Structure formats: C-alpha cells, structure tokens
Amino acid sequence: MNGFQILVLIVVSLAMIVSIGASVRGWVTRRESLIWSLVCLAAAVATVWPDITRRLANAVGIGRGADLVFYCAVVLMLIGFWMTYIRLQGLRRQLTLLVRQLAIQEGERQYPIDKGKHS
C-alpha cells in the first residue's frame with residue numbers, strides 16, 4: 001500500500017466517522033448517514049483494490065476504472081446539487097410565508113381594527 005492510499009483511507013475513515021456522528025447527534029437521518037457511509041466504504045474499497053473498479057468498468061463497457069469512478073462522481077454531484085436546490089427553494093418558500101405572517105401580525109398589532117366602528 002502506498003502513501004496516497006493510506007492518505008485516502010484516513011480521509012475516508014474520518015468522513016465516515018463524521019457521518020455516523022452526525023446521525024447520532026440527529027443532524028442527519030440514519031438513512032442519509034448510511035448512504036454516506038456506503039459511499040465512503042466504496043471509496044475505501046476502490047482505493048485498496050483498484051482492480052475492482054477496472055473490472056466493473058469493463059463489465060459496463062467503460063475502458064478504465066478511473067473513468068467509471070469519475071462518471072459516478074459526476075452523477076452523484078448532480079443529484080446532490082439538485083437536492084440542495086430543491087431544499088433551498090423549499091426554505092425560501094417557508095421563509096416567505098413566515099415573513100408574510102409576521103408582517104400581518106405586526107400590522108394588526110400596530111393598527112388594530114376596531115370592529116365596533118365603521119369608517
């Protein structure tokens with residue numbers, strides 16, 4: 001095992017520990033933690049036994065294992081970006097509704113409507 005493989009294994013192990021810790025603290029769901037842990041495990045396996053990625057790549061018609069890893073990474077990043085975009089849009093909608101509700105409440109507090117009088 002060379003120095004690069006050791007470095008990658010250390011980084012992947014730390015990422016897995018952080019993912020599990022985030023699940024324990026309730027920052028992410030167990031499902032999300034499991035998915036990230038599986039990604040970390042796959043990265044560790046591909047680092048220690050790079051021939052596995054070559055075999056998988058050849059099985060699906062891709063020439064090199066590194067290309068397969070790259071394509072998978074791009075697809076996962078696109079999915080991650082899309083999910084982040086969707087979540088951000090939801091947060092924007094929630095914030096708009098919250099600000100609207102607060103504005104209505106503040107307006108009612110500052111300018112109460114006297115229901116007994118008609119203007």
# chains A, B, ... in the order shown; residues from 1 in each chain; ligands from 1
call {"tool": "residues_around", "arguments": {"residues": "stretch 13-19 of chain A", "least_positions_apart": "3", "cutoff": "6 Å", "atoms": "only C-alpha atoms", "output": "list in words"}}
result
Leu9, Ile10, Ala22, Ser33 and Ser37 of chain A
call {"tool": "write_last_selection", "arguments": {"atoms": "C-alpha atoms", "output": "short mmCIF file (atom, residue, chain, number, x, y, z; two decimals), in the first residue's frame"}}
result
data_model
loop_
_atom_site.label_atom_id
_atom_site.label_comp_id
_atom_site.auth_asym_id
_atom_site.auth_seq_id
_atom_site.Cartn_x
_atom_site.Cartn_y
_atom_site.Cartn_z
CA LEU A 9 -8.14 5.74 3.74
CA ILE A 10 -7.55 8.19 6.59
CA ALA A 22 -23.95 13.47 12.63
CA SER A 33 -25.74 8.55 7.26
CA SER A 37 -21.10 5.55 4.92
#
call {"tool": "residues_around", "arguments": {"residues": "A:Gln5", "least_positions_apart": "6", "cutoff": "10 Å", "atoms": "only C-alpha atoms", "output": "JSON list (two decimals) with N, CA, C and O atoms, in the first residue's frame"}}
result
[["chain", "number", "residue", "atom", "x", "y", "z"],
["A", 11, "VAL", "N", -8.69, 9.87, 5.23],
["A", 11, "VAL", "CA", -9.73, 10.87, 4.94],
["A", 11, "VAL", "C", -11.11, 10.22, 4.87],
["A", 11, "VAL", "O", -12.08, 10.73, 5.44],
["A", 44, "ALA", "N", -13.16, 3.51, -0.11],
["A", 44, "ALA", "CA", -12.07, 2.77, 0.54],
["A", 44, "ALA", "C", -11.75, 1.49, -0.24],
["A", 44, "ALA", "O", -10.58, 1.18, -0.48],
["A", 46, "ALA", "N", -12.36, 0.88, -3.43],
["A", 46, "ALA", "CA", -11.76, 1.25, -4.72],
["A", 46, "ALA", "C", -10.31, 1.70, -4.55],
["A", 46, "ALA", "O", -9.49, 1.51, -5.45],
["A", 47, "THR", "N", -9.98, 2.27, -3.40],
["A", 47, "THR", "CA", -8.61, 2.72, -3.16],
["A", 47, "THR", "C", -7.69, 1.54, -2.86],
["A", 47, "THR", "O", -6.57, 1.48, -3.38],
["A", 48, "VAL", "N", -8.16, 0.63, -2.04],
["A", 48, "VAL", "CA", -7.32, -0.51, -1.65],
["A", 48, "VAL", "C", -7.21, -1.53, -2.78],
["A", 48, "VAL", "O", -6.14, -2.09, -3.02],
["A", 49, "TRP", "N", -8.32, -1.77, -3.51],
["A", 49, "TRP", "CA", -8.32, -2.74, -4.60],
["A", 49, "TRP", "C", -8.80, -2.06, -5.89],
["A", 49, "TRP", "O", -9.94, -2.24, -6.33]]
call {"tool": "select_by_dssp", "arguments": {"residues": "stretch 16-116 of chain A", "states": "alpha helix (DSSP H)", "output": "ChimeraX atom specification"}}
result
/A:16-25,30-48,50-59,65-110
call {"tool": "residues_around", "arguments": {"residues": "stretch 68-79 of chain A", "least_positions_apart": "3", "cutoff": "12 Å", "atoms": "only C-alpha atoms", "output": "PDB file with N, CA and C atoms, in the first residue's frame"}}
result
ATOM      1  N   ILE A  35     -26.158   6.092   3.656  1.00  0.00           N
ATOM      2  CA  ILE A  35     -25.753   6.332   2.264  1.00  0.00           C
ATOM      3  C   ILE A  35     -24.334   6.880   2.210  1.00  0.00           C
ATOM      4  N   TRP A  36     -24.036   7.884   3.053  1.00  0.00           N
ATOM      5  CA  TRP A  36     -22.684   8.452   3.061  1.00  0.00           C
ATOM      6  C   TRP A  36     -21.653   7.419   3.511  1.00  0.00           C
ATOM      7  N   VAL A  39     -20.938   5.215   0.595  1.00  0.00           N
ATOM      8  CA  VAL A  39     -20.072   5.916  -0.367  1.00  0.00           C
ATOM      9  C   VAL A  39     -18.623   5.890   0.126  1.00  0.00           C
ATOM     10  N   ALA A  42     -17.265   2.395  -0.303  1.00  0.00           N
ATOM     11  CA  ALA A  42     -16.949   2.139  -1.715  1.00  0.00           C
ATOM     12  C   ALA A  42     -15.643   2.830  -2.113  1.00  0.00           C
ATOM     13  N   ALA A  43     -15.434   4.042  -1.621  1.00  0.00           N
ATOM     14  CA  ALA A  43     -14.188   4.761  -1.918  1.00  0.00           C
ATOM     15  C   ALA A  43     -12.994   4.021  -1.313  1.00  0.00           C
ATOM     16  N   VAL A  45     -12.787   0.765  -0.646  1.00  0.00           N
ATOM     17  CA  VAL A  45     -12.577  -0.479  -1.413  1.00  0.00           C
ATOM     18  C   VAL A  45     -11.896  -0.168  -2.742  1.00  0.00           C
ATOM     19  N   ALA A  46     -12.362   0.879  -3.433  1.00  0.00           N
ATOM     20  CA  ALA A  46     -11.757   1.248  -4.720  1.00  0.00           C
ATOM     21  C   ALA A  46     -10.313   1.700  -4.554  1.00  0.00           C
ATOM     22  N   THR A  47      -9.982   2.267  -3.403  1.00  0.00           N
ATOM     23  CA  THR A  47      -8.612   2.721  -3.157  1.00  0.00           C
ATOM     24  C   THR A  47      -7.686   1.544  -2.862  1.00  0.00           C
ATOM     25  N   PRO A  50      -7.936  -1.277  -6.520  1.00  0.00           N
ATOM     26  CA  PRO A  50      -8.345  -0.529  -7.717  1.00  0.00           C
ATOM     27  C   PRO A  50      -8.731  -1.435  -8.896  1.00  0.00           C
ATOM     28  N   ASP A  51      -8.308  -2.687  -8.870  1.00  0.00           N
ATOM     29  CA  ASP A  51      -8.664  -3.596  -9.959  1.00  0.00           C
ATOM     30  C   ASP A  51     -10.167  -3.860 -10.008  1.00  0.00           C
ATOM     31  N   ILE A  52     -10.840  -3.713  -8.869  1.00  0.00           N
ATOM     32  CA  ILE A  52     -12.299  -3.915  -8.834  1.00  0.00           C
ATOM     33  C   ILE A  52     -12.998  -2.887  -9.717  1.00  0.00           C
ATOM     34  N   THR A  53     -12.557  -1.641  -9.654  1.00  0.00           N
ATOM     35  CA  THR A  53     -13.192  -0.609 -10.487  1.00  0.00           C
ATOM     36  C   THR A  53     -12.937  -0.872 -11.965  1.00  0.00           C
ATOM     37  N   ARG A  54     -11.760  -1.388 -12.298  1.00  0.00           N
ATOM     38  CA  ARG A  54     -11.466  -1.715 -13.698  1.00  0.00           C
ATOM     39  C   ARG A  54     -12.390  -2.819 -14.194  1.00  0.00           C
ATOM     40  N   ARG A  55     -12.587  -3.825 -13.373  1.00  0.00           N
ATOM     41  CA  ARG A  55     -13.474  -4.933 -13.760  1.00  0.00           C
ATOM     42  C   ARG A  55     -14.919  -4.457 -13.925  1.00  0.00           C
ATOM     43  N   LEU A  56     -15.366  -3.646 -12.970  1.00  0.00           N
ATOM     44  CA  LEU A  56     -16.723  -3.103 -13.081  1.00  0.00           C
ATOM     45  C   LEU A  56     -16.876  -2.227 -14.323  1.00  0.00           C
ATOM     46  N   ALA A  57     -15.866  -1.404 -14.581  1.00  0.00           N
ATOM     47  CA  ALA A  57     -15.902  -0.533 -15.758  1.00  0.00           C
ATOM     48  C   ALA A  57     -15.974  -1.362 -17.032  1.00  0.00           C
ATOM     49  N   ASN A  58     -15.152  -2.381 -17.122  1.00  0.00           N
ATOM     50  CA  ASN A  58     -15.172  -3.234 -18.309  1.00  0.00           C
ATOM     51  C   ASN A  58     -16.515  -3.942 -18.459  1.00  0.00           C
ATOM     52  N   ALA A  59     -17.125  -4.318 -17.340  1.00  0.00           N
ATOM     53  CA  ALA A  59     -18.414  -5.021 -17.381  1.00  0.00           C
ATOM     54  C   ALA A  59     -19.524  -4.141 -17.944  1.00  0.00           C
ATOM     55  N   VAL A  60     -19.423  -2.815 -17.724  1.00  0.00           N
ATOM     56  CA  VAL A  60     -20.454  -1.913 -18.237  1.00  0.00           C
ATOM     57  C   VAL A  60     -20.027  -1.183 -19.508  1.00  0.00           C
ATOM     58  N   GLY A  61     -18.893  -1.578 -20.066  1.00  0.00           N
ATOM     59  CA  GLY A  61     -18.465  -1.025 -21.339  1.00  0.00           C
ATOM     60  C   GLY A  61     -17.637   0.245 -21.260  1.00  0.00           C
ATOM     61  N   ILE A  62     -17.039   0.502 -20.106  1.00  0.00           N
ATOM     62  CA  ILE A  62     -16.162   1.665 -19.947  1.00  0.00           C
ATOM     63  C   ILE A  62     -14.740   1.144 -19.886  1.00  0.00           C
ATOM     64  N   GLY A  63     -13.823   1.847 -20.526  1.00  0.00           N
ATOM     65  CA  GLY A  63     -12.458   1.360 -20.662  1.00  0.00           C
ATOM     66  C   GLY A  63     -11.648   1.290 -19.374  1.00  0.00           C
ATOM     67  N   ARG A  64     -11.734   2.319 -18.549  1.00  0.00           N
ATOM     68  CA  ARG A  64     -10.895   2.368 -17.350  1.00  0.00           C
ATOM     69  C   ARG A  64     -11.732   2.520 -16.088  1.00  0.00           C
ATOM     70  N   GLY A  65     -11.209   1.978 -15.002  1.00  0.00           N
ATOM     71  CA  GLY A  65     -11.877   2.097 -13.713  1.00  0.00           C
ATOM     72  C   GLY A  65     -11.947   3.540 -13.238  1.00  0.00           C
ATOM     73  N   TRP A  82     -28.953  19.038  -7.250  1.00  0.00           N
ATOM     74  CA  TRP A  82     -30.390  19.133  -7.475  1.00  0.00           C
ATOM     75  C   TRP A  82     -31.152  19.075  -6.148  1.00  0.00           C
ATOM     76  N   MET A  83     -30.756  18.135  -5.285  1.00  0.00           N
ATOM     77  CA  MET A  83     -31.427  18.009  -3.986  1.00  0.00           C
ATOM     78  C   MET A  83     -31.216  19.264  -3.143  1.00  0.00           C
ATOM     79  N   THR A  84     -30.020  19.838  -3.209  1.00  0.00           N
ATOM     80  CA  THR A  84     -29.738  21.075  -2.483  1.00  0.00           C
ATOM     81  C   THR A  84     -30.578  22.221  -3.026  1.00  0.00           C
ATOM     82  N   TYR A  85     -30.722  22.297  -4.330  1.00  0.00           N
ATOM     83  CA  TYR A  85     -31.535  23.335  -4.964  1.00  0.00           C
ATOM     84  C   TYR A  85     -32.991  23.208  -4.526  1.00  0.00           C
ATOM     85  N   ILE A  86     -33.521  21.987  -4.542  1.00  0.00           N
ATOM     86  CA  ILE A  86     -34.909  21.756  -4.144  1.00  0.00           C
ATOM     87  C   ILE A  86     -35.103  22.147  -2.675  1.00  0.00           C
TER      88      ILE A  86
END
call {"tool": "atom_distance", "arguments": {"atom1": "atom CA of A:Leu95", "atom2": "atom CA of A:Gly107"}}
result
18.0 Å
call {"tool": "atom_distance", "arguments": {"atom1": "atom CA of A:Asp114", "atom2": "atom CA of A:Arg100"}}
result
22.2 Å
call {"tool": "decode", "arguments": {"residues": "stretch 73-86 of chain A", "atoms": "all heavy atoms", "output": "PDB file, in the first residue's frame"}}
result
ATOM      1  N   ALA A  73     -19.032   9.860  -9.836  1.00  0.00           N
ATOM      2  CA  ALA A  73     -18.896  11.058  -9.008  1.00  0.00           C
ATOM      3  C   ALA A  73     -19.679  12.225  -9.609  1.00  0.00           C
ATOM      4  O   ALA A  73     -20.357  12.973  -8.885  1.00  0.00           O
ATOM      5  CB  ALA A  73     -17.426  11.431  -8.839  1.00  0.00           C
ATOM      6  N   VAL A  74     -19.608  12.382 -10.919  1.00  0.00           N
ATOM      7  CA  VAL A  74     -20.340  13.468 -11.579  1.00  0.00           C
ATOM      8  C   VAL A  74     -21.846  13.286 -11.397  1.00  0.00           C
ATOM      9  O   VAL A  74     -22.560  14.231 -11.059  1.00  0.00           O
ATOM     10  CB  VAL A  74     -19.971  13.546 -13.079  1.00  0.00           C
ATOM     11  CG1 VAL A  74     -20.925  14.466 -13.832  1.00  0.00           C
ATOM     12  CG2 VAL A  74     -18.537  14.026 -13.252  1.00  0.00           C
ATOM     13  N   VAL A  75     -22.333  12.068 -11.591  1.00  0.00           N
ATOM     14  CA  VAL A  75     -23.765  11.814 -11.428  1.00  0.00           C
ATOM     15  C   VAL A  75     -24.191  12.083  -9.984  1.00  0.00           C
ATOM     16  O   VAL A  75     -25.218  12.724  -9.742  1.00  0.00           O
ATOM     17  CB  VAL A  75     -24.114  10.365 -11.853  1.00  0.00           C
ATOM     18  CG1 VAL A  75     -25.526   9.995 -11.437  1.00  0.00           C
ATOM     19  CG2 VAL A  75     -23.937  10.204 -13.358  1.00  0.00           C
ATOM     20  N   LEU A  76     -23.414  11.616  -9.016  1.00  0.00           N
ATOM     21  CA  LEU A  76     -23.749  11.851  -7.608  1.00  0.00           C
ATOM     22  C   LEU A  76     -23.731  13.337  -7.268  1.00  0.00           C
ATOM     23  O   LEU A  76     -24.578  13.819  -6.509  1.00  0.00           O
ATOM     24  CB  LEU A  76     -22.803  11.083  -6.691  1.00  0.00           C
ATOM     25  CG  LEU A  76     -23.004   9.564  -6.648  1.00  0.00           C
ATOM     26  CD1 LEU A  76     -21.911   8.898  -5.824  1.00  0.00           C
ATOM     27  CD2 LEU A  76     -24.371   9.215  -6.101  1.00  0.00           C
ATOM     28  N   MET A  77     -22.777  14.078  -7.830  1.00  0.00           N
ATOM     29  CA  MET A  77     -22.738  15.521  -7.575  1.00  0.00           C
ATOM     30  C   MET A  77     -23.943  16.216  -8.179  1.00  0.00           C
ATOM     31  O   MET A  77     -24.521  17.108  -7.555  1.00  0.00           O
ATOM     32  CB  MET A  77     -21.442  16.129  -8.119  1.00  0.00           C
ATOM     33  CG  MET A  77     -20.251  15.879  -7.216  1.00  0.00           C
ATOM     34  SD  MET A  77     -18.780  16.766  -7.732  1.00  0.00           S
ATOM     35  CE  MET A  77     -18.228  15.763  -9.084  1.00  0.00           C
ATOM     36  N   LEU A  78     -24.343  15.826  -9.382  1.00  0.00           N
ATOM     37  CA  LEU A  78     -25.528  16.430  -9.989  1.00  0.00           C
ATOM     38  C   LEU A  78     -26.779  16.160  -9.156  1.00  0.00           C
ATOM     39  O   LEU A  78     -27.597  17.053  -8.941  1.00  0.00           O
ATOM     40  CB  LEU A  78     -25.719  15.901 -11.414  1.00  0.00           C
ATOM     41  CG  LEU A  78     -24.727  16.424 -12.449  1.00  0.00           C
ATOM     42  CD1 LEU A  78     -24.913  15.696 -13.778  1.00  0.00           C
ATOM     43  CD2 LEU A  78     -24.872  17.922 -12.635  1.00  0.00           C
ATOM     44  N   ILE A  79     -26.909  14.939  -8.664  1.00  0.00           N
ATOM     45  CA  ILE A  79     -28.038  14.605  -7.797  1.00  0.00           C
ATOM     46  C   ILE A  79     -27.974  15.437  -6.514  1.00  0.00           C
ATOM     47  O   ILE A  79     -28.989  15.987  -6.072  1.00  0.00           O
ATOM     48  CB  ILE A  79     -28.054  13.099  -7.484  1.00  0.00           C
ATOM     49  CG1 ILE A  79     -28.397  12.306  -8.745  1.00  0.00           C
ATOM     50  CG2 ILE A  79     -29.038  12.780  -6.358  1.00  0.00           C
ATOM     51  CD1 ILE A  79     -28.185  10.802  -8.617  1.00  0.00           C
ATOM     52  N   GLY A  80     -26.797  15.557  -5.938  1.00  0.00           N
ATOM     53  CA  GLY A  80     -26.628  16.356  -4.725  1.00  0.00           C
ATOM     54  C   GLY A  80     -26.954  17.818  -4.951  1.00  0.00           C
ATOM     55  O   GLY A  80     -27.630  18.452  -4.120  1.00  0.00           O
ATOM     56  N   PHE A  81     -26.500  18.376  -6.067  1.00  0.00           N
ATOM     57  CA  PHE A  81     -26.804  19.772  -6.372  1.00  0.00           C
ATOM     58  C   PHE A  81     -28.308  19.967  -6.565  1.00  0.00           C
ATOM     59  O   PHE A  81     -28.880  20.955  -6.109  1.00  0.00           O
ATOM     60  CB  PHE A  81     -26.064  20.250  -7.618  1.00  0.00           C
ATOM     61  CG  PHE A  81     -24.579  20.383  -7.432  1.00  0.00           C
ATOM     62  CD1 PHE A  81     -23.725  20.203  -8.500  1.00  0.00           C
ATOM     63  CD2 PHE A  81     -24.021  20.679  -6.198  1.00  0.00           C
ATOM     64  CE1 PHE A  81     -22.355  20.324  -8.351  1.00  0.00           C
ATOM     65  CE2 PHE A  81     -22.653  20.802  -6.037  1.00  0.00           C
ATOM     66  CZ  PHE A  81     -21.822  20.629  -7.119  1.00  0.00           C
ATOM     67  N   TRP A  82     -28.953  19.038  -7.250  1.00  0.00           N
ATOM     68  CA  TRP A  82     -30.390  19.133  -7.475  1.00  0.00           C
ATOM     69  C   TRP A  82     -31.152  19.075  -6.148  1.00  0.00           C
ATOM     70  O   TRP A  82     -32.055  19.865  -5.910  1.00  0.00           O
ATOM     71  CB  TRP A  82     -30.857  18.029  -8.414  1.00  0.00           C
ATOM     72  CG  TRP A  82     -32.334  18.081  -8.660  1.00  0.00           C
ATOM     73  CD1 TRP A  82     -33.270  17.225  -8.196  1.00  0.00           C
ATOM     74  CD2 TRP A  82     -33.050  19.082  -9.392  1.00  0.00           C
ATOM     75  NE1 TRP A  82     -34.519  17.619  -8.598  1.00  0.00           N
ATOM     76  CE2 TRP A  82     -34.410  18.762  -9.337  1.00  0.00           C
ATOM     77  CE3 TRP A  82     -32.665  20.221 -10.088  1.00  0.00           C
ATOM     78  CZ2 TRP A  82     -35.388  19.529  -9.948  1.00  0.00           C
ATOM     79  CZ3 TRP A  82     -33.657  20.978 -10.696  1.00  0.00           C
ATOM     80  CH2 TRP A  82     -34.983  20.627 -10.629  1.00  0.00           C
ATOM     81  N   MET A  83     -30.756  18.135  -5.285  1.00  0.00           N
ATOM     82  CA  MET A  83     -31.427  18.009  -3.986  1.00  0.00           C
ATOM     83  C   MET A  83     -31.216  19.264  -3.143  1.00  0.00           C
ATOM     84  O   MET A  83     -32.128  19.726  -2.454  1.00  0.00           O
ATOM     85  CB  MET A  83     -30.920  16.770  -3.253  1.00  0.00           C
ATOM     86  CG  MET A  83     -31.386  15.474  -3.890  1.00  0.00           C
ATOM     87  SD  MET A  83     -30.676  14.013  -3.154  1.00  0.00           S
ATOM     88  CE  MET A  83     -31.422  14.059  -1.539  1.00  0.00           C
ATOM     89  N   THR A  84     -30.020  19.838  -3.209  1.00  0.00           N
ATOM     90  CA  THR A  84     -29.738  21.075  -2.483  1.00  0.00           C
ATOM     91  C   THR A  84     -30.578  22.221  -3.026  1.00  0.00           C
ATOM     92  O   THR A  84     -31.132  23.019  -2.262  1.00  0.00           O
ATOM     93  CB  THR A  84     -28.241  21.419  -2.565  1.00  0.00           C
ATOM     94  OG1 THR A  84     -27.491  20.337  -2.015  1.00  0.00           O
ATOM     95  CG2 THR A  84     -27.922  22.708  -1.833  1.00  0.00           C
ATOM     96  N   TYR A  85     -30.722  22.297  -4.330  1.00  0.00           N
ATOM     97  CA  TYR A  85     -31.535  23.335  -4.964  1.00  0.00           C
ATOM     98  C   TYR A  85     -32.991  23.208  -4.526  1.00  0.00           C
ATOM     99  O   TYR A  85     -33.628  24.201  -4.153  1.00  0.00           O
ATOM    100  CB  TYR A  85     -31.427  23.239  -6.486  1.00  0.00           C
ATOM    101  CG  TYR A  85     -32.354  24.175  -7.209  1.00  0.00           C
ATOM    102  CD1 TYR A  85     -32.067  25.532  -7.313  1.00  0.00           C
ATOM    103  CD2 TYR A  85     -33.530  23.708  -7.780  1.00  0.00           C
ATOM    104  CE1 TYR A  85     -32.920  26.398  -7.960  1.00  0.00           C
ATOM    105  CE2 TYR A  85     -34.393  24.569  -8.434  1.00  0.00           C
ATOM    106  CZ  TYR A  85     -34.083  25.910  -8.529  1.00  0.00           C
ATOM    107  OH  TYR A  85     -34.937  26.761  -9.167  1.00  0.00           O
ATOM    108  N   ILE A  86     -33.521  21.987  -4.542  1.00  0.00           N
ATOM    109  CA  ILE A  86     -34.909  21.756  -4.144  1.00  0.00           C
ATOM    110  C   ILE A  86     -35.103  22.147  -2.675  1.00  0.00           C
ATOM    111  O   ILE A  86     -36.095  22.800  -2.312  1.00  0.00           O
ATOM    112  CB  ILE A  86     -35.301  20.279  -4.370  1.00  0.00           C
ATOM    113  CG1 ILE A  86     -35.277  19.941  -5.859  1.00  0.00           C
ATOM    114  CG2 ILE A  86     -36.653  19.961  -3.755  1.00  0.00           C
ATOM    115  CD1 ILE A  86     -36.238  20.731  -6.699  1.00  0.00           C
TER     116      ILE A  86
END
